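Next up, target_12.txt (compact mmCIF, C-alpha atoms and all ligand atoms):
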# COMPACT_ATOMS: atom_id res chain seq x y z
CA MET G 24 19.41 -96.73 145.12
CA LYS G 25 18.08 -98.65 148.12
CA ILE G 26 19.79 -102.03 148.57
CA THR G 27 17.33 -104.72 149.62
CA GLY G 28 18.05 -108.14 151.09
CA SER G 29 20.56 -109.39 153.59
CA PHE G 30 22.36 -112.53 154.68
CA PRO G 31 21.37 -115.33 155.27
CA LYS G 32 18.19 -115.04 153.15
CA SER G 33 20.24 -113.50 150.38
CA ARG G 34 23.39 -115.26 149.28
CA LEU G 35 25.17 -113.60 146.37
CA ARG G 36 27.27 -116.69 145.76
CA ARG G 37 24.10 -118.58 144.65
CA LEU G 38 24.35 -116.74 141.32
CA ARG G 39 27.97 -117.78 140.88
CA LYS G 40 27.66 -121.48 141.66
CA SER G 41 28.25 -122.82 138.15
CA LYS G 42 29.52 -121.64 134.80
CA TRP G 43 26.11 -121.91 133.14
CA ILE G 44 24.41 -119.71 135.69
CA ARG G 45 27.22 -117.17 135.51
CA ASP G 46 26.81 -117.16 131.72
CA LEU G 47 23.04 -116.77 131.99
CA ILE G 48 23.21 -113.65 134.10
CA SER G 49 26.31 -112.04 132.59
CA GLU G 50 25.65 -108.38 131.79
CA ASN G 51 28.39 -107.87 129.24
CA ASN G 52 29.89 -110.01 126.55
CA ILE G 53 32.48 -109.61 123.90
CA SER G 54 32.67 -111.07 120.43
CA HIS G 55 34.80 -110.77 117.30
CA LYS G 56 32.17 -108.30 116.08
CA ASP G 57 33.29 -105.75 118.67
CA LEU G 58 36.92 -105.64 117.59
CA ILE G 59 38.94 -103.45 115.24
CA GLN G 60 42.43 -104.58 114.21
CA PRO G 61 45.10 -101.89 113.64
CA ILE G 62 47.60 -102.68 110.87
CA PHE G 63 51.00 -101.04 110.31
CA ILE G 64 52.21 -100.71 106.72
CA ARG G 65 55.74 -100.07 105.45
CA GLU G 66 57.48 -99.38 102.15
CA GLY G 67 59.20 -102.02 100.05
CA ILE G 68 58.19 -105.50 99.02
CA ASN G 69 58.03 -108.94 100.54
CA LYS G 70 58.68 -107.90 104.13
CA VAL G 71 56.97 -108.61 107.42
CA GLU G 72 58.93 -106.85 110.10
CA ALA G 73 58.48 -107.28 113.86
CA ILE G 74 58.05 -104.12 115.94
CA LYS G 75 60.35 -104.44 118.97
CA THR G 76 58.31 -102.29 121.33
CA MET G 77 55.09 -104.14 120.46
CA PRO G 78 55.76 -107.88 120.73
CA GLY G 79 53.59 -109.86 118.33
CA VAL G 80 52.80 -106.85 116.11
CA ASN G 81 54.34 -106.47 112.63
CA ARG G 82 54.75 -103.95 109.88
CA TYR G 83 53.72 -105.28 106.45
CA THR G 84 54.71 -104.20 102.98
CA VAL G 85 51.58 -103.66 100.87
CA ASP G 86 52.10 -106.89 98.89
CA LYS G 87 52.20 -108.84 102.18
CA LEU G 88 48.99 -107.35 103.60
CA PRO G 89 46.92 -110.33 102.41
CA LEU G 90 48.71 -112.42 105.07
CA ILE G 91 47.03 -110.54 107.89
CA LEU G 92 43.86 -109.65 105.96
CA LYS G 93 43.09 -113.33 105.38
CA LYS G 94 43.18 -113.85 109.13
CA VAL G 95 41.01 -110.78 109.73
CA GLN G 96 38.52 -112.24 107.27
CA SER G 97 38.49 -115.76 108.64
CA TYR G 98 38.27 -114.60 112.27
CA LYS G 99 35.39 -112.36 111.16
CA ILE G 100 36.80 -109.09 112.43
CA PRO G 101 34.62 -106.35 110.89
CA MET G 102 37.19 -103.61 110.39
CA VAL G 103 40.87 -102.72 110.23
CA ALA G 104 42.58 -99.39 111.01
CA LEU G 105 45.54 -98.50 108.80
CA PHE G 106 48.74 -96.81 109.99
CA PRO G 107 51.74 -96.09 107.76
CA TYR G 108 55.44 -96.13 108.61
CA THR G 109 56.70 -93.55 106.15
CA THR G 110 60.40 -93.53 105.24
CA ASN G 111 62.35 -90.44 106.29
CA SER G 112 62.96 -89.35 102.72
CA LYS G 113 59.21 -88.91 102.23
CA LYS G 114 58.66 -86.87 105.39
CA ASP G 115 58.67 -83.08 105.21
CA ILE G 116 57.69 -80.12 107.32
CA LEU G 117 54.19 -79.99 105.79
CA GLY G 118 53.47 -83.71 105.83
CA SER G 119 52.87 -83.58 102.05
CA GLU G 120 52.96 -87.36 101.72
CA ALA G 121 49.58 -87.41 103.49
CA ILE G 122 47.96 -86.16 100.29
CA ASN G 123 49.88 -88.32 97.83
CA PRO G 124 47.36 -90.65 96.12
CA ASP G 125 50.08 -93.29 95.99
CA ASN G 126 51.05 -93.20 99.64
CA LEU G 127 51.01 -96.40 101.71
CA VAL G 128 47.53 -95.86 103.10
CA CYS G 129 46.00 -95.17 99.68
CA LYS G 130 47.66 -98.22 98.13
CA SER G 131 46.45 -100.37 101.01
CA ILE G 132 42.85 -99.13 100.83
CA ARG G 133 42.79 -99.92 97.11
CA LEU G 134 44.14 -103.42 97.76
CA ILE G 135 41.65 -104.13 100.53
CA LYS G 136 38.68 -102.84 98.57
CA LYS G 137 39.68 -104.94 95.57
CA LYS G 138 40.67 -108.19 97.26
CA PHE G 139 38.85 -108.11 100.61
CA PRO G 140 35.73 -106.02 99.96
CA SER G 141 33.91 -107.35 102.99
CA ILE G 142 36.44 -105.84 105.43
CA GLY G 143 35.70 -102.32 106.67
CA VAL G 144 38.54 -99.80 106.49
CA MET G 145 39.14 -97.00 108.94
CA CYS G 146 41.88 -94.40 108.45
CA ASP G 147 43.40 -91.86 110.79
CA VAL G 148 43.31 -88.25 109.71
CA ALA G 149 46.43 -86.62 111.17
CA LEU G 150 49.81 -85.66 109.78
CA ASP G 151 52.19 -87.22 112.31
CA PRO G 152 53.25 -90.24 110.23
CA TYR G 153 54.24 -87.82 107.46
CA THR G 154 55.84 -84.77 109.10
CA SER G 155 59.57 -84.34 109.66
CA HIS G 156 58.81 -83.01 113.18
CA GLY G 157 56.40 -85.81 114.17
CA HIS G 158 53.50 -83.49 114.99
CA ASP G 159 49.92 -84.00 113.86
CA GLY G 160 49.66 -80.59 112.21
CA ILE G 161 51.44 -77.79 110.39
CA LEU G 162 54.19 -76.19 112.43
CA ILE G 163 54.42 -72.42 112.05
CA LYS G 164 56.79 -70.46 114.30
CA ASP G 165 57.03 -73.32 116.77
CA GLN G 166 53.25 -73.65 117.07
CA ILE G 167 50.90 -76.19 115.53
CA ASP G 168 48.68 -73.89 113.47
CA ASN G 169 45.08 -75.03 113.84
CA ASP G 170 43.48 -73.42 110.80
CA GLU G 171 46.31 -74.11 108.36
CA THR G 172 46.24 -77.74 109.47
CA LEU G 173 42.49 -77.97 108.82
CA LYS G 174 43.08 -77.27 105.12
CA VAL G 175 45.42 -80.24 104.77
CA LEU G 176 43.30 -82.55 106.93
CA VAL G 177 40.32 -81.92 104.64
CA LYS G 178 42.43 -82.91 101.63
CA GLN G 179 43.72 -86.01 103.43
CA ALA G 180 40.19 -87.08 104.41
CA LEU G 181 38.81 -86.52 100.90
CA LEU G 182 41.63 -88.55 99.39
CA GLN G 183 41.00 -91.44 101.79
CA ALA G 184 37.27 -91.34 100.98
CA LYS G 185 38.03 -91.33 97.26
CA MET G 186 40.21 -94.42 97.67
CA GLY G 187 37.29 -96.22 99.33
CA CYS G 188 37.89 -95.70 103.04
CA ASP G 189 34.65 -96.46 104.93
CA ILE G 190 35.31 -94.59 108.17
CA ILE G 191 37.32 -91.41 108.45
CA ALA G 192 38.83 -91.07 111.90
CA PRO G 193 40.34 -87.66 112.65
CA SER G 194 42.88 -88.13 115.44
CA ASP G 195 44.69 -84.82 115.13
CA MET G 196 42.78 -82.86 117.82
CA MET G 197 42.54 -79.63 115.82
CA ASP G 198 39.48 -77.56 116.73
CA GLY G 199 36.75 -77.56 114.11
CA ARG G 200 38.04 -80.43 112.01
CA ILE G 201 34.92 -82.55 112.15
CA GLY G 202 32.75 -79.80 110.65
CA TYR G 203 35.29 -79.01 107.94
CA ILE G 204 35.69 -82.64 106.98
CA ARG G 205 31.94 -83.40 107.07
CA ASN G 206 31.24 -80.41 104.80
CA ALA G 207 33.92 -81.39 102.35
CA LEU G 208 32.76 -85.02 102.25
CA ASP G 209 29.16 -84.00 101.66
CA LYS G 210 30.08 -81.57 98.90
CA SER G 211 32.04 -84.29 97.12
CA ASN G 212 29.22 -86.78 97.33
CA PHE G 213 30.71 -88.91 100.10
CA LYS G 214 27.57 -88.61 102.20
CA ASN G 215 27.79 -92.23 103.34
CA VAL G 216 31.35 -92.09 104.54
CA ASN G 217 31.29 -92.16 108.34
CA ILE G 218 33.23 -89.94 110.68
CA LEU G 219 34.54 -91.53 113.84
CA SER G 220 35.98 -88.64 115.79
CA TYR G 221 38.81 -89.21 118.22
CA ALA G 222 36.87 -86.60 120.18
CA VAL G 223 38.58 -87.40 123.44
CA LYS G 224 42.26 -87.90 122.95
CA TYR G 225 44.58 -87.26 125.83
CA ALA G 226 48.23 -86.21 125.58
CA SER G 227 49.28 -89.61 126.83
CA ASN G 228 52.52 -91.32 127.70
CA PHE G 229 50.96 -94.58 126.61
CA TYR G 230 51.39 -93.84 122.87
CA GLY G 231 55.15 -94.50 123.03
CA PRO G 232 55.26 -97.88 121.25
CA PHE G 233 52.90 -96.62 118.50
CA ARG G 234 55.15 -93.66 117.77
CA ASP G 235 57.96 -96.12 117.43
CA ALA G 236 55.81 -98.25 115.12
CA VAL G 237 55.05 -95.35 112.75
CA GLY G 238 58.54 -93.88 113.09
CA SER G 239 57.60 -90.55 114.64
CA LYS G 240 59.10 -91.09 118.10
CA ARG G 241 62.65 -89.90 117.48
CA LYS G 242 61.39 -87.04 115.32
CA LEU G 243 59.07 -85.58 117.93
CA LYS G 244 60.80 -82.82 119.85
CA LYS G 245 58.17 -81.44 122.16
CA ASP G 246 55.06 -83.15 123.49
CA LYS G 247 51.57 -82.75 122.02
CA LYS G 248 50.08 -80.93 124.99
CA THR G 249 48.99 -77.83 123.07
CA TYR G 250 46.46 -79.87 121.13
CA GLN G 251 45.83 -83.20 122.88
CA MET G 252 43.92 -83.10 126.17
CA ASP G 253 45.35 -82.62 129.64
CA PHE G 254 44.96 -85.86 131.58
CA ARG G 255 44.10 -83.98 134.76
CA ASN G 256 40.77 -82.96 133.23
CA SER G 257 37.42 -84.49 132.48
CA PHE G 258 34.96 -81.56 132.24
CA GLU G 259 36.17 -80.53 128.82
CA VAL G 260 35.09 -83.93 127.52
CA PHE G 261 31.53 -82.58 127.38
CA ARG G 262 32.52 -79.78 125.04
CA GLU G 263 34.84 -81.95 122.94
CA VAL G 264 32.12 -84.54 122.38
CA GLY G 265 29.24 -82.06 122.12
CA PHE G 266 31.01 -79.92 119.52
CA ASP G 267 31.94 -82.97 117.46
CA ILE G 268 28.38 -84.28 117.46
CA ASN G 269 27.13 -80.86 116.37
CA GLU G 270 29.74 -80.80 113.61
CA GLY G 271 28.63 -84.16 112.24
CA ALA G 272 30.50 -86.99 113.98
CA ASP G 273 28.70 -90.35 113.78
CA MET G 274 30.70 -91.96 116.57
CA VAL G 275 33.30 -90.88 119.08
CA MET G 276 36.48 -92.51 120.33
CA VAL G 277 38.11 -92.34 123.74
CA LYS G 278 41.86 -92.74 123.71
CA PRO G 279 43.69 -94.15 125.56
CA GLY G 280 40.97 -96.49 126.77
CA MET G 281 41.97 -98.63 129.71
CA ILE G 282 43.10 -95.83 131.95
CA TYR G 283 40.17 -93.59 130.91
CA LEU G 284 37.20 -95.85 131.67
CA ASP G 285 35.65 -93.05 133.76
CA ILE G 286 35.56 -90.94 130.60
CA ILE G 287 33.92 -93.67 128.52
CA SER G 288 31.14 -94.07 131.05
CA LYS G 289 30.66 -90.30 131.35
CA ILE G 290 30.10 -90.03 127.61
CA LYS G 291 27.88 -93.11 127.53
CA ASN G 292 25.67 -91.68 130.27
CA ASN G 293 25.41 -88.20 128.81
CA PHE G 294 25.33 -88.54 125.02
CA LYS G 295 23.32 -90.90 122.90
CA ILE G 296 26.03 -91.69 120.38
CA PRO G 297 28.16 -94.81 119.88
CA VAL G 298 31.35 -94.65 121.95
CA LEU G 299 34.41 -96.62 120.90
CA ALA G 300 37.58 -97.17 122.87
CA TYR G 301 41.21 -97.49 121.81
CA GLN G 302 43.35 -99.86 123.84
CA VAL G 303 46.54 -98.06 122.88
CA SER G 304 50.01 -99.38 122.21
CA GLY G 305 51.38 -98.78 125.73
CA GLU G 306 48.40 -100.55 127.26
CA TYR G 307 48.88 -103.43 124.82
CA SER G 308 52.61 -103.78 125.39
CA LEU G 309 52.26 -103.77 129.18
CA ILE G 310 49.85 -106.68 129.10
CA LYS G 311 51.62 -108.53 126.30
CA ASN G 312 55.03 -108.30 127.99
CA ALA G 313 53.55 -109.53 131.27
CA ILE G 314 51.94 -112.49 129.49
CA ASN G 315 55.16 -113.31 127.64
CA LYS G 316 57.01 -113.29 130.94
CA LYS G 317 54.27 -115.44 132.49
CA ILE G 318 53.50 -112.73 135.06
CA LEU G 319 49.89 -112.72 133.81
CA ASN G 320 47.91 -115.46 132.12
CA ASP G 321 46.26 -114.61 128.84
CA GLU G 322 42.74 -114.42 130.29
CA ALA G 323 43.92 -110.97 131.37
CA ILE G 324 43.31 -109.81 127.80
CA ILE G 325 39.61 -110.66 127.87
CA GLU G 326 39.33 -109.07 131.29
CA SER G 327 40.89 -105.87 129.98
CA LEU G 328 38.51 -105.78 127.00
CA MET G 329 35.46 -106.53 129.13
CA ALA G 330 36.25 -103.42 131.17
CA PHE G 331 35.61 -101.35 128.04
CA LYS G 332 32.26 -103.04 127.51
CA ARG G 333 31.28 -102.54 131.14
CA ALA G 334 32.16 -98.87 130.90
CA GLY G 335 29.91 -98.56 127.84
CA ALA G 336 32.07 -98.90 124.74
CA CYS G 337 30.42 -100.64 121.79
CA ALA G 338 33.66 -101.52 120.00
CA ILE G 339 37.36 -101.58 120.74
CA VAL G 340 40.42 -100.86 118.66
CA THR G 341 43.00 -103.29 119.99
CA TYR G 342 46.24 -104.91 118.89
CA PHE G 343 44.86 -108.08 120.50
CA ALA G 344 41.93 -108.24 118.04
CA LEU G 345 43.24 -111.18 115.99
CA ASP G 346 44.31 -113.26 118.99
CA ILE G 347 41.07 -112.71 120.81
CA ALA G 348 38.79 -113.22 117.81
CA LYS G 349 40.59 -116.49 117.13
CA LYS G 350 40.09 -117.58 120.70
CA LEU G 351 36.45 -116.47 120.88
CA ASN G 352 35.63 -118.27 117.64
CA LYS G 353 37.59 -121.33 118.86
CA LEU G 354 39.43 -121.45 115.55
C1 LIG G 401 48.28 -90.22 115.57
C2 LIG G 401 47.91 -91.35 116.44
C3 LIG G 401 48.52 -91.76 117.64
C4 LIG G 401 47.89 -92.96 118.00
C5 LIG G 401 46.90 -93.23 117.04
N1 LIG G 401 46.92 -92.20 116.08
C6 LIG G 401 49.67 -91.24 118.40
C7 LIG G 401 49.76 -89.85 118.82
O1 LIG G 401 48.79 -89.10 118.83
O2 LIG G 401 50.87 -89.47 119.16
C8 LIG G 401 48.25 -93.80 119.19
C9 LIG G 401 47.80 -95.21 119.14
C10 LIG G 401 48.49 -96.11 120.08
O3 LIG G 401 49.29 -95.71 120.95
O4 LIG G 401 48.21 -97.32 119.97
N2 LIG G 401 47.65 -89.04 115.72
Write out the structure in this file as structure tokens.
Ligand code: PBG
Amino acid sequence: MKITGSFPKSRLRRLRKSKWIRDLISENNISHKDLIQPIFIREGINKVEAIKTMPGVNRYTVDKLPLILKKVQSYKIPMVALFPYTTNSKKDILGSEAINPDNLVCKSIRLIKKKFPSIGVMCDVALDPYTSHGHDGILIKDQIDNDETLKVLVKQALLQAKMGCDIIAPSDMMDGRIGYIRNALDKSNFKNVNILSYAVKYASNFYGPFRDAVGSKRKLKKDKKTYQMDFRNSFEVFREVGFDINEGADMVMVKPGMIYLDIISKIKNNFKIPVLAYQVSGEYSLIKNAINKKILNDEAIIESLMAFKRAGACAIVTYFALDIAKKLNKL
């Protein structure tokens, strides 16, 4: 592109001289409509428990979910993402609890659909909250077996759809799962259930606080590098996203988000499909801790979210969703 103009005829500061002119020409904006609030659920009754590694984020027993759902509703956040903290006694090597119709996620979907029908529900498809080894798939001879895992993921996705989940979000990184799940959903008459594929999910160090929040951190022996992506790479993004679109994904997710903005813009520029971003737990905790210690002021949150919009994301999963929606709506 040829740059035209020069000083003193051109003065770039003229377009920054007042708030109203800055607002008029702003290229990107964020609203409550762009945000997805993750929610952690735990067993028991009448408990709201703080998560130490994620200041300001709680785990709720199912009966207490209305506390946070009422806020989601009044701050007009369109969708929540559900994550269970499963007790050790319910974890096993196969992650069987994932396909129990009375597990925490299923109970929560039923509650939301009954009492808060206007809120969209998105659920992860992956076994890590349910396995005794903390991996996302079935472990056979020290390897996560792709094709055996697919069979369970299909069952998990179908169960979530049956409970009323609106958006199925496979985050397991098994090859071929989008096609398998799309086929199964279509065969069972869930043609209108969306698939948001975590198509681009890196083996990241920034998931630490989340693993603590769902109780898989201490269980996990090795890393997830044989299935999640290598953070040195970006070329394989084209195949990950391309395959998932061919297999039936409606939308794709980039995760983590903040430190992968280059990836978001690559996808945006090369595929005509909605791209979402996940501001993951480590990214959240870094900013939140700095704000709590008064190292940053809280405008840093909006700045971090605007980066996703600038890169091309249409929506953002973020643990800041409630705070920011409240602020944006001046509630
Ligand atoms: C599970 C899953 C993870 C996250 C979302 N779903 C962790 C992982 O893959 O180990 C991370 C989210 C976050 O860090 O906020 N497959």
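Nearest residue to ligand LIG 401 (chain G), choosing from G:Phe233, G:Tyr225, G:Tyr153, G:Phe106 and counting all atoms listed in the file: G:Phe233.
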Requested in this report: Could the residues that lie within 9 Å of ligand LIG 401 (chain G), counting all atoms listed in the file, be listed as an NGL selection string?
Outcome: :G and (61 or 106 or 147-152 or 157-159 or 193-196 or 221 or 224-234 or 237 or 239-240 or 246-247 or 251 or 278-279 or 301-307 or 340-342)
message: Give me, as a PyMOL selection string, all polymer residues having an atom no more than 10 Å from Glu120 of chain G, counting only C-alpha atoms and skipping those fewer than 2 positions away in the same chain.
response: chain G and resi 109+113-115+117-118+122-127+150+152-154+179
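Reported to one decimal place, the separation of atom CA of Ile59 of chain G from atom CA of Lys185 of chain G is 21.7 Å.
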Using all atoms listed in the file, which protein or nucleic acid residues come within 9 Å of Ser141 of chain G? Drop anything in the same chain fewer than 3 positions from it, and give the result as a list in words. Gln96, Pro101, Met102, Ile135, Lys136 and Lys138 of chain G
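Computed from the coordinates, the atom CA of Ile347 of chain G to atom CA of Asn69 of chain G distance equals 26.7 Å.
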- Task: Tell me which protein, DNA and RNA residues are within 8 Å of Ile324 of chain G, counting all atoms listed in the file, leaving out same-chain ones fewer than 4 positions away, and put them as a count of residues only.
- Result: 4
Please identify every residue of segment 230-340 of chain G that has at least one atom no farther than 10 Å from an atom of segment 205-217 of chain G, counting all atoms listed in the file, and for each give the shortest atom pair and the distance in Å to one decimal, arranged by chain then increasing number, as a tab-separated table.
residue	atom	partner	partner_atom	distance
G:Glu270	CA	G:Arg205	CA	7.4
G:Gly271	CA	G:Arg205	CA	6.2
G:Ala272	CA	G:Asn217	CA	7.7
G:Asp273	CA	G:Asn217	CA	6.3
G:Met274	CA	G:Asn217	CA	8.3
